[in-house]
$ cat query-v1.cif   # mmCIF, C-alpha atoms
data_start
loop_
_atom_site.label_atom_id
_atom_site.label_comp_id
_atom_site.auth_asym_id
_atom_site.auth_seq_id
_atom_site.Cartn_x
_atom_site.Cartn_y
_atom_site.Cartn_z
CA MET E 7 -7.94 74.66 77.89
CA SER E 8 -9.10 71.23 79.04
CA THR E 9 -6.72 68.47 80.00
CA LEU E 10 -6.04 66.01 77.22
CA THR E 11 -7.27 62.65 78.39
CA ASP E 12 -8.18 59.62 76.32
CA ARG E 13 -11.74 58.75 77.32
CA SER E 14 -11.25 55.01 76.82
CA THR E 15 -8.00 54.67 78.77
CA GLY E 16 -8.05 57.70 81.06
CA ARG E 17 -4.43 58.44 80.13
CA GLN E 18 -2.97 61.87 79.69
CA PRO E 19 -0.39 62.59 76.96
CA GLY E 20 3.09 63.07 78.35
CA GLY E 21 2.13 61.25 81.50
CA GLU E 22 3.32 57.90 82.76
CA GLY E 23 0.73 55.90 80.84
CA GLU E 24 1.06 57.74 77.51
CA GLU E 25 -0.78 56.10 74.62
CA SER E 26 1.45 54.01 72.36
CA PRO E 27 1.29 54.39 68.55
CA ALA E 28 -0.43 50.98 68.34
CA GLU E 29 -3.05 52.06 70.90
CA ARG E 30 -3.55 55.34 69.03
CA ASP E 31 -3.99 53.44 65.74
CA ALA E 32 -6.56 51.17 67.38
CA ARG E 33 -8.39 54.20 68.80
CA PHE E 34 -8.41 55.86 65.37
CA GLU E 35 -9.78 52.72 63.75
CA ARG E 36 -12.45 52.33 66.43
CA ASP E 37 -13.54 55.95 66.74
CA ALA E 38 -12.94 57.53 63.33
CA LEU E 39 -14.13 54.67 61.17
CA ALA E 40 -17.45 54.73 63.02
CA HIS E 41 -18.23 57.87 60.96
CA LEU E 42 -17.60 56.25 57.57
CA ASN E 43 -21.23 56.21 56.39
CA ARG E 44 -21.80 59.82 57.43
CA LEU E 45 -18.66 60.97 55.61
CA TYR E 46 -19.66 59.03 52.51
CA ALA E 47 -23.14 60.58 52.53
CA ALA E 48 -21.58 64.04 52.87
CA GLY E 49 -19.13 63.15 50.10
CA LEU E 50 -22.01 62.26 47.80
CA ARG E 51 -23.56 65.64 48.46
CA MET E 52 -20.27 67.35 47.72
CA THR E 53 -19.29 65.45 44.58
CA GLY E 54 -22.52 64.00 43.18
CA SER E 55 -20.63 60.85 42.20
CA ARG E 56 -20.09 57.55 44.00
CA ALA E 57 -16.56 57.06 42.72
CA GLU E 58 -15.53 60.61 43.61
CA ALA E 59 -17.21 60.33 47.02
CA GLU E 60 -15.27 57.13 47.73
CA ASP E 61 -12.02 58.83 46.71
CA LEU E 62 -12.89 61.85 48.83
CA VAL E 63 -13.60 59.68 51.89
CA GLN E 64 -10.37 57.74 51.38
CA GLU E 65 -8.33 60.94 51.15
CA THR E 66 -10.18 62.34 54.16
CA TYR E 67 -9.24 59.34 56.30
CA LEU E 68 -5.65 59.46 55.10
CA ARG E 69 -5.28 63.12 56.09
CA ALA E 70 -7.25 62.67 59.31
CA TYR E 71 -4.98 59.76 60.29
CA ARG E 72 -1.94 61.98 59.85
CA LEU E 73 -3.49 64.71 62.01
CA PHE E 74 -5.03 62.37 64.59
CA PRO E 75 -2.04 62.31 67.01
CA ARG E 76 -2.38 66.11 67.43
CA LEU E 77 -6.14 66.02 68.00
CA SER E 78 -7.31 66.67 71.52
CA CYS E 79 -9.04 63.62 72.99
CA ASP E 80 -12.02 65.73 74.03
CA ALA E 81 -12.47 67.24 70.53
CA ASP E 82 -15.61 66.49 68.49
CA LEU E 83 -14.22 63.80 66.20
CA ALA E 84 -17.11 63.94 63.72
CA ALA E 85 -16.73 67.70 63.28
CA PHE E 86 -12.97 67.24 62.86
CA LEU E 87 -13.51 64.60 60.16
CA PHE E 88 -16.08 66.74 58.34
CA ARG E 89 -13.70 69.70 58.42
CA VAL E 90 -10.88 67.59 56.98
CA GLN E 91 -13.27 66.27 54.33
CA ASN E 92 -14.47 69.76 53.44
CA ASN E 93 -10.87 70.98 53.11
CA VAL E 94 -9.92 68.04 50.88
CA TRP E 95 -12.99 68.65 48.74
CA ARG E 96 -12.41 72.37 48.49
CA ASN E 97 -8.71 72.04 47.70
CA SER E 98 -8.85 69.10 45.31
CA TYR E 99 -12.19 67.99 44.01
CA ARG E 100 -14.25 71.14 43.86
CA SER E 101 -11.72 73.09 41.80
CA ALA E 102 -11.40 70.23 39.31
CA ARG E 103 -15.16 69.70 38.81
CA PRO E 104 -17.38 71.59 36.43
CA THR E 105 -19.89 73.86 38.14
CA SER E 106 -22.95 72.27 36.53
CA ALA E 107 -25.26 70.43 38.88
CA ALA E 108 -24.92 66.67 38.82
CA PRO E 109 -27.84 64.39 39.67
CA LEU E 110 -27.44 62.27 42.75
CA PRO E 111 -26.53 58.64 42.09
CA ASP E 112 -28.96 55.74 42.11
CA PHE E 113 -28.52 53.40 45.09
CA SER E 114 -30.74 50.56 43.88
CA ASP E 115 -27.82 48.12 43.57
CA GLY E 116 -27.61 47.48 47.34
CA GLN E 117 -24.41 49.46 47.94
CA TYR E 118 -23.48 49.07 51.61
CA TRP E 119 -22.52 52.72 52.09
CA ARG E 120 -26.13 53.76 52.64
CA SER E 121 -26.96 56.35 55.23
CA SER E 122 -30.38 56.71 56.81
CA GLU E 123 -30.87 59.85 54.71
CA VAL E 124 -30.31 57.91 51.47
CA GLU E 125 -32.62 55.11 52.58
CA ALA E 126 -35.36 57.61 53.43
CA LEU E 127 -35.01 59.26 50.03
CA GLU E 128 -35.16 55.88 48.29
CA ARG E 129 -38.47 55.00 49.95
CA MET E 130 -40.06 58.08 48.46
CA THR E 131 -42.02 57.33 45.33
CA ASP E 132 -41.18 60.71 43.82
CA GLU E 133 -37.58 61.26 42.71
CA ALA E 134 -38.11 65.01 42.59
CA VAL E 135 -36.42 65.52 45.97
CA THR E 136 -33.27 63.71 44.88
CA THR E 137 -33.19 65.60 41.58
CA ALA E 138 -33.77 68.92 43.36
CA LEU E 139 -30.95 68.26 45.84
CA GLY E 140 -28.65 67.41 42.95
CA ALA E 141 -29.58 70.66 41.23
CA LEU E 142 -28.36 72.80 44.12
CA ALA E 143 -24.94 74.43 43.84
CA PRO E 144 -22.36 72.38 45.78
CA GLU E 145 -21.81 75.12 48.38
CA LEU E 146 -25.54 75.22 49.10
CA ARG E 147 -25.94 71.43 49.08
CA VAL E 148 -23.10 70.95 51.59
CA VAL E 149 -24.43 73.53 54.06
CA LEU E 150 -27.94 72.09 53.76
CA TYR E 151 -26.57 68.60 54.40
CA PHE E 152 -24.62 69.61 57.51
CA ALA E 153 -27.58 71.56 58.93
CA ASP E 154 -30.57 69.39 58.08
CA VAL E 155 -29.09 65.90 57.98
CA GLU E 156 -26.19 66.05 60.43
CA GLY E 157 -27.86 68.61 62.69
CA TYR E 158 -24.88 70.94 63.13
CA SER E 159 -25.39 74.52 64.30
CA TYR E 160 -24.47 77.54 62.18
CA GLN E 161 -21.23 77.97 64.11
CA GLU E 162 -20.29 74.30 63.81
CA ILE E 163 -20.92 74.41 60.05
CA ALA E 164 -18.85 77.59 59.84
CA ASP E 165 -16.00 75.81 61.64
CA ILE E 166 -16.26 72.70 59.46
CA THR E 167 -16.40 74.60 56.16
CA ASP E 168 -14.05 77.40 57.25
CA THR E 169 -16.68 79.92 56.19
CA PRO E 170 -17.97 82.91 58.17
CA ARG E 171 -21.14 82.18 60.15
CA GLY E 172 -23.10 84.82 58.25
CA ILE E 173 -22.24 83.19 54.93
CA VAL E 174 -23.37 79.82 56.31
CA MET E 175 -26.69 81.32 57.35
CA THR E 176 -27.13 82.94 53.93
CA ARG E 177 -26.25 79.75 52.07
CA LEU E 178 -28.62 77.69 54.18
CA PHE E 179 -31.42 80.17 53.56
CA GLN E 180 -30.68 80.13 49.83
CA ALA E 181 -30.48 76.33 49.73
CA ARG E 182 -33.82 75.89 51.46
CA ARG E 183 -35.49 78.54 49.31
CA ARG E 184 -34.08 77.04 46.08
CA LEU E 185 -35.10 73.52 47.14
CA ARG E 186 -38.60 74.73 47.98
CA THR E 187 -38.86 76.46 44.56
CA LEU E 188 -37.67 73.37 42.69
CA LEU E 189 -40.11 71.11 44.53
CA THR E 190 -43.00 73.55 44.13
CA ASN E 191 -42.36 73.81 40.39
CA HIS E 192 -42.28 70.04 40.13
CA ALA E 193 -45.56 69.72 42.04
CA LEU E 194 -47.22 72.32 39.79
CA ARG E 195 -46.00 70.56 36.63
CA ARG E 196 -47.26 67.27 37.99
CA ALA E 197 -50.67 68.74 38.90
CA CYS E 198 -51.08 70.21 35.42
CA ALA E 199 -50.17 66.98 33.66
#
$ encode --input "query-v1.cif" --output "structure tokens"
Amino acid sequence: MSTLTDRSTGRQPGGEGEESPAERDARFERDALAHLNRLYAAGLRMTGSRAEAEDLVQETYLRAYRLFPRLSCDADLAAFLFRVQNNVWRNSYRSARPTSAAPLPDFSDGQYWRSSEVEALERMTDEAVTTALGALAPELRVVLYFADVEGYSYQEIADITDTPRGIVMTRLFQARRRLRTLLTNHALRRACA
């Protein structure tokens, strides 16, 4: 196991220059909050609703803050935050939501939470991609997001979602196939019209 050392201060826990709670809070604010837009974009994919995504992100940061003192300084902070978010979603939001597919929200009001993915989708003249993404089952949409937007490997997605790697691979295959079918059907309908 690697030595726990804060990259910004070079200090080791338990050593002479151990990080104070105030320094740890400042490090959390600096490092963890840098992932806010990415977590919000993932939250939108999970919940399909701006308000629920905001609540999910807020709960994610609350739980991550509580766990932050135990996190190794050399751990992948983004993966840790996504795993916390996925656990919050799975334990709270997902069980309370109906299983019907919800369309993705409209971002035309200038909301500052925009990710580069959302901006790219907005520039498209055809809303079929957004509608098709919203039509995917949440489990498929989340895996597709982590793989194709965040760029995580199968194993990293498995760790974040606490799902076996084989299931992640299957869900990603199903998500891409379903998305391709939805977009192909839309293109055919449009060509025949």
$ closest_residue --input "query-v1.cif" --among "E:Ala59, E:Met175, E:Pro170, E:Asn92" --to "Leu150 in chain E" --atoms "all atoms listed in the file"
E:Met175
$ resolve_selection --input "query-v1.cif" --expression "the PyMOL selection byres ((chain E and resi 37-45) around 10)" --output "PyMOL selection string"
chain E and resi 31-36+46-51+59-60+62-64+66-67+70-71+74+83-84+86-88+91-92+118-123+155-156
$ residues_around --input "query-v1.cif" --residues "Leu146 in chain E" --least-positions-apart "6" --cutoff "7 Å" --atoms "all atoms listed in the file" --output "MDAnalysis selection string"
chainID E and resid 177:178 181
$ atom_distance --input "query-v1.cif" --atom1 "CA of Val135 in chain E" --atom2 "CA of Ala57 in chain E"
21.8 Å
$ atom_distance --input "query-v1.cif" --atom1 "CA of Glu162 in chain E" --atom2 "CA of Phe179 in chain E"
16.2 Å
$ closest_residue --input "query-v1.cif" --among "E:Ala85, E:Val94, E:Leu185, E:Ala153" --to "Thr137 in chain E" --atoms "only C-alpha atoms"
E:Leu185
$ atom_distance --input "query-v1.cif" --atom1 "CA of Ile163 in chain E" --atom2 "CA of Asn191 in chain E"
29.1 Å
